[in-house]
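Working notes, structure below.
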Amino acid sequence: MGKNKLKRFTENAGFPHVFQPRMEFPMPDHPLKGTWKSDFFKNDHPLTLELGCGRAEYTVGLSGMFPQRNFIGIDWKGARIWRGAKTTLENGQTNTAFLRIMIGTIASIFSTADDVQEIWITFPDPQPRDSREHKRLTSPEFLERYRSFAAPGCTINLKTDSRLMYDYTLSVVKAQGLTIEKSTDDLYQTNWVDEVLSIKTTYERIWLSQGAKICYLRFQL
Ligand SMILES: C[S@@+](CC[C@H](N)C(=O)[O-])C[C@H]1O[C@@H](n2cnc3c(N)ncnc32)[C@H](O)[C@@H]1O
């Protein structure tokens, strides 16, 4: 392992807002499940999650814009999470936390008491092989996990360069009869690009530099 990665892992372990529960099967409930507001954030604000956050540009950007909300960036890769954790610590953005987990275990981390009102899924791995469909973060299996803790009317935002991921998610959302609030296969040709939608993640910048179109879908869970 590179020295830089090792340094980031060591720093993560000392950060007060980075949580790295040990993987177990079955995964036991996290000690903060149902009490994130009172026991960690020390406020009564609603929670937004960023799934597969990587360096967590949405968590960092949104938490700065909306101090009356709490944000948690989630990814399996600790060296990526470190970037968002370091920035928010340095900026004193106390309305953020980070979780290093496999998202398949997310139902052990949150309950309806945590008031998750919004989820961002930013440039997820499209898992193109049919046999891996259940691993897509918008598959019926994952939506069911999110439903176990989401607040009523919770919105899910998907930003992706992958036409496959966009079309797939649209088909799941339509099959489940969910309410679609916004849907486009070319975000930057719409007039929706406000301060929030113009936040760009690391992967988004890479795809944009290659001339890719960005798809965006917002629906109610
Ligand atoms: C293509 S990258 C996008 C990262 C970031 N959102 C961006 O747009 O720059 C996908 C990220 O999702 C994470 N990821 C994919 N599946 C995951 C899972 N099941 N559990 C946790 N993290 C996952 C990967 O580790 C990776 O950082």
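Scheme for the structure tokens: letters A, B, ... for chains in order shown; per-chain residue numbers from 1; ligand numbers from 1 in order shown.
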Checklist entry - Which residues come within 12 Å of Ala13 in chain A, counting only C-alpha atoms, excluding same-chain residues fewer than 3 positions away, as JSON, numbers by chain? => result {"A": [6, 7, 8, 9, 10, 16, 17, 18, 19, 20, 21, 78, 79, 81, 82, 85, 86, 98, 99, 100]}
How about saving the chosen residues, C-alpha atoms kept, as a PDB file, in the first residue's frame?
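The resulting file, result.pdb, is shown below:
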```
ATOM      1  CA  LEU A   6      -1.650   4.663   4.681  1.00  0.00           C
ATOM      2  CA  LYS A   7      -1.423   8.251   5.976  1.00  0.00           C
ATOM      3  CA  ARG A   8      -5.031   8.877   4.954  1.00  0.00           C
ATOM      4  CA  PHE A   9      -6.234   5.697   6.689  1.00  0.00           C
ATOM      5  CA  THR A  10      -4.400   6.719   9.854  1.00  0.00           C
ATOM      6  CA  PRO A  16     -14.190  12.509  15.042  1.00  0.00           C
ATOM      7  CA  HIS A  17     -16.710  12.438  12.177  1.00  0.00           C
ATOM      8  CA  VAL A  18     -15.514   9.349  10.269  1.00  0.00           C
ATOM      9  CA  PHE A  19     -17.192   6.062  11.191  1.00  0.00           C
ATOM     10  CA  GLN A  20     -15.786   2.730  10.040  1.00  0.00           C
ATOM     11  CA  PRO A  21     -17.845  -0.084  11.562  1.00  0.00           C
ATOM     12  CA  GLY A  78     -11.330   5.204   2.831  1.00  0.00           C
ATOM     13  CA  ALA A  79      -8.682   7.083   0.866  1.00  0.00           C
ATOM     14  CA  ILE A  81     -13.639   9.632   1.908  1.00  0.00           C
ATOM     15  CA  TRP A  82     -10.554  11.186   3.553  1.00  0.00           C
ATOM     16  CA  ALA A  85     -13.547  14.449   5.814  1.00  0.00           C
ATOM     17  CA  LYS A  86     -10.382  16.571   5.873  1.00  0.00           C
ATOM     18  CA  PHE A  98     -18.598  10.080   6.794  1.00  0.00           C
ATOM     19  CA  LEU A  99     -19.197   6.360   6.819  1.00  0.00           C
ATOM     20  CA  ARG A 100     -16.940   3.713   5.353  1.00  0.00           C
TER      21      ARG A 100
END
```
Next on the checklist: Can you tell me which residues surround range 108-125 of chain A at a distance of at most 6 Å, considering only C-alpha atoms, apart from same-chain residues fewer than 5 positions away, and format the answer as a list in words?
Outcome noted: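 Contacts, with the query itself left out: Asp29, His30, Lys33, Gly34, Pro46, Leu47, Thr48, Leu49, Glu50, Leu51, Phe149, Ala150, Ala151, Cys154, Thr155, Ile156, Asn157, Leu158, Lys159 and Thr160 of chain A.
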For the selection just defined, write its residues with C-alpha atoms to a file, as a PDB file, in the first residue's frame.
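Listing of result-v1.pdb after writing:
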```
ATOM      1  CA  ASP A  29     -27.156  -2.402  14.223  1.00  0.00           C
ATOM      2  CA  HIS A  30     -24.841   0.597  14.499  1.00  0.00           C
ATOM      3  CA  LYS A  33     -28.905   3.915  14.444  1.00  0.00           C
ATOM      4  CA  GLY A  34     -31.972   6.047  15.240  1.00  0.00           C
ATOM      5  CA  PRO A  46     -33.024  16.409   8.728  1.00  0.00           C
ATOM      6  CA  LEU A  47     -30.385  14.234   7.117  1.00  0.00           C
ATOM      7  CA  THR A  48     -29.124  13.976   3.523  1.00  0.00           C
ATOM      8  CA  LEU A  49     -26.967  11.032   2.378  1.00  0.00           C
ATOM      9  CA  GLU A  50     -24.519  10.879  -0.512  1.00  0.00           C
ATOM     10  CA  LEU A  51     -24.019   7.256  -1.608  1.00  0.00           C
ATOM     11  CA  PHE A 149     -35.253   4.064   7.005  1.00  0.00           C
ATOM     12  CA  ALA A 150     -36.242   6.891   4.601  1.00  0.00           C
ATOM     13  CA  ALA A 151     -38.588   9.675   5.746  1.00  0.00           C
ATOM     14  CA  CYS A 154     -37.724  11.133   0.671  1.00  0.00           C
ATOM     15  CA  THR A 155     -36.252  12.249  -2.655  1.00  0.00           C
ATOM     16  CA  ILE A 156     -33.508  10.431  -4.523  1.00  0.00           C
ATOM     17  CA  ASN A 157     -31.231  12.313  -6.931  1.00  0.00           C
ATOM     18  CA  LEU A 158     -29.243  10.340  -9.472  1.00  0.00           C
ATOM     19  CA  LYS A 159     -26.512  12.055 -11.469  1.00  0.00           C
ATOM     20  CA  THR A 160     -24.752   9.816 -13.990  1.00  0.00           C
TER      21      THR A 160
END
```
Using only C-alpha atoms and all ligand atoms, which residues of chain A come within 6 Å of ligand 1, and what is the closest atom pair for each, with the distance in Å to one decimal? Give it as JSON lines, sorted by chain and residue number.
```
{"residue": "A:Gly52", "atom": "CA", "partner": "ligand 1", "partner_atom_place_in_ligand_line": "12 (O)", "distance": 3.3}
{"residue": "A:Cys53", "atom": "CA", "partner": "ligand 1", "partner_atom_place_in_ligand_line": "6 (N)", "distance": 4.0}
{"residue": "A:Gly54", "atom": "CA", "partner": "ligand 1", "partner_atom_place_in_ligand_line": "4 (C)", "distance": 3.9}
{"residue": "A:Asp75", "atom": "CA", "partner": "ligand 1", "partner_atom_place_in_ligand_line": "22 (N)", "distance": 3.8}
{"residue": "A:Trp76", "atom": "CA", "partner": "ligand 1", "partner_atom_place_in_ligand_line": "21 (C)", "distance": 4.1}
{"residue": "A:Lys77", "atom": "CA", "partner": "ligand 1", "partner_atom_place_in_ligand_line": "25 (O)", "distance": 4.9}
{"residue": "A:Ile101", "atom": "CA", "partner": "ligand 1", "partner_atom_place_in_ligand_line": "21 (C)", "distance": 5.7}
{"residue": "A:Met102", "atom": "CA", "partner": "ligand 1", "partner_atom_place_in_ligand_line": "20 (N)", "distance": 3.5}
{"residue": "A:Ile103", "atom": "CA", "partner": "ligand 1", "partner_atom_place_in_ligand_line": "20 (N)", "distance": 3.9}
{"residue": "A:Gly104", "atom": "CA", "partner": "ligand 1", "partner_atom_place_in_ligand_line": "19 (N)", "distance": 5.8}
{"residue": "A:Thr122", "atom": "CA", "partner": "ligand 1", "partner_atom_place_in_ligand_line": "6 (N)", "distance": 4.3}
{"residue": "A:Phe123", "atom": "CA", "partner": "ligand 1", "partner_atom_place_in_ligand_line": "8 (O)", "distance": 4.4}
{"residue": "A:Pro124", "atom": "CA", "partner": "ligand 1", "partner_atom_place_in_ligand_line": "10 (C)", "distance": 4.6}
{"residue": "A:Asp125", "atom": "CA", "partner": "ligand 1", "partner_atom_place_in_ligand_line": "1 (C)", "distance": 5.0}
{"residue": "A:Thr201", "atom": "CA", "partner": "ligand 1", "partner_atom_place_in_ligand_line": "9 (O)", "distance": 4.4}
{"residue": "A:Thr202", "atom": "CA", "partner": "ligand 1", "partner_atom_place_in_ligand_line": "9 (O)", "distance": 3.9}
{"residue": "A:Tyr203", "atom": "CA", "partner": "ligand 1", "partner_atom_place_in_ligand_line": "9 (O)", "distance": 3.9}
{"residue": "A:Glu204", "atom": "CA", "partner": "ligand 1", "partner_atom_place_in_ligand_line": "8 (O)", "distance": 5.7}
```
Item to check | Backbone-only DSSP, strand (DSSP E or B) members of range 61-144 of chain A, as a ChimeraX atom specification | outcome: /A:70-75,96-100,116-122
Checklist entry - Using only C-alpha atoms, which of A:Thr87, A:Gln93, A:Asn43, A:Ser183 sits nearest Gly64 in chain A? => result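 Checking each of A:Thr87, A:Gln93, A:Asn43, A:Ser183 against Gly64 in chain A, counting only C-alpha atoms, the winner is A:Gln93.
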Item to check | Near-Tyr166 in chain A list (10 Å; only C-alpha atoms; drop same-chain fewer than 5 positions) as a PyMOL selection string | outcome: chain A and resi 126+138+158-161+171+183-185+214-217
For those residues, write C-alpha atoms to a file as a short mmCIF file (atom, residue, chain, number, x, y, z; two decimals), in the first residue's frame.
```cif
data_model
loop_
_atom_site.label_atom_id
_atom_site.label_comp_id
_atom_site.auth_asym_id
_atom_site.auth_seq_id
_atom_site.Cartn_x
_atom_site.Cartn_y
_atom_site.Cartn_z
CA PRO A 126 -23.24 1.18 -13.62
CA THR A 138 -30.90 1.97 -7.76
CA LEU A 158 -29.24 10.34 -9.47
CA LYS A 159 -26.51 12.05 -11.47
CA THR A 160 -24.75 9.82 -13.99
CA ASP A 161 -22.87 9.77 -17.28
CA SER A 171 -37.52 1.68 -15.71
CA SER A 183 -35.67 13.63 -15.58
CA THR A 184 -33.26 14.46 -18.39
CA ASP A 185 -30.57 12.71 -20.40
CA ILE A 214 -24.85 14.12 -17.92
CA CYS A 215 -28.16 12.43 -17.05
CA TYR A 216 -30.15 13.53 -14.01
CA LEU A 217 -33.17 11.96 -12.36
#
```
Item to check | Contacts of Thr88 in chain A at 10 Å (only C-alpha atoms; same-chain gap of 4+ positions) as a PyMOL selection string | outcome: chain A and resi 17+59-61+63-64+82-84+92-97
Output C-alpha atoms of each residue in that selection to a file, as a PDB file, in the first residue's frame.
```pdb
ATOM      1  CA  HIS A  17     -16.710  12.438  12.177  1.00  0.00           C
ATOM      2  CA  THR A  59     -21.576  16.359   0.881  1.00  0.00           C
ATOM      3  CA  VAL A  60     -18.992  19.136   1.194  1.00  0.00           C
ATOM      4  CA  GLY A  61     -20.837  21.552  -1.138  1.00  0.00           C
ATOM      5  CA  SER A  63     -23.349  21.092   3.876  1.00  0.00           C
ATOM      6  CA  GLY A  64     -21.762  24.496   3.301  1.00  0.00           C
ATOM      7  CA  TRP A  82     -10.554  11.186   3.553  1.00  0.00           C
ATOM      8  CA  ARG A  83     -10.701  14.151   1.116  1.00  0.00           C
ATOM      9  CA  GLY A  84     -14.219  15.180   2.147  1.00  0.00           C
ATOM     10  CA  GLY A  92     -15.567  23.575  10.684  1.00  0.00           C
ATOM     11  CA  GLN A  93     -18.556  22.055   8.846  1.00  0.00           C
ATOM     12  CA  THR A  94     -19.904  20.263  11.901  1.00  0.00           C
ATOM     13  CA  ASN A  95     -23.072  19.206  10.064  1.00  0.00           C
ATOM     14  CA  THR A  96     -21.171  16.426   8.232  1.00  0.00           C
ATOM     15  CA  ALA A  97     -20.076  12.869   8.905  1.00  0.00           C
TER      16      ALA A  97
END
```
Item to check | Residue nearest Phe41 in chain A among A:Leu187, A:Leu89, A:Ile72, A:Ala56 (counting only C-alpha atoms) | outcome: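 Looking at the shortest contact to Phe41 in chain A, the residue is A:Ile72.
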Next on the checklist: From a backbone DSSP assignment, name each residue in range 50-193 of chain A labelled alpha helix (DSSP H), as a ChimeraX atom specification.
Outcome noted: /A:57-65,78-91,140-147,163-175
Next on the checklist: What does the structure give for the distance between CA of Phe25 in chain A and CA of Thr105 in chain A, in Å to one decimal?
Outcome noted: 9.5 Å
Next on the checklist: I need the residue nearest Pro152 in chain A from this list: A:Arg129, A:Ile180, A:Gln220, A:Arg136. Use only C-alpha atoms for the distance.
Outcome noted: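 For Pro152 in chain A, the nearest of the candidates is A:Gln220.
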Next on the checklist: Ranking A:Asp39, A:Asp130, A:Glu144, A:Asp44 by minimum distance to Asn70 in chain A and counting only C-alpha atoms, which one comes first?
Outcome noted: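 Of the candidates, the smallest distance to Asn70 in chain A is held by A:Asp44.
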Item to check | Length of the CA of Gly153 in chain A to CA of Glu133 in chain A vector [Å] | outcome: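 Computing the Euclidean distance for CA of Gly153 in chain A and CA of Glu133 in chain A yields 25.3 Å.
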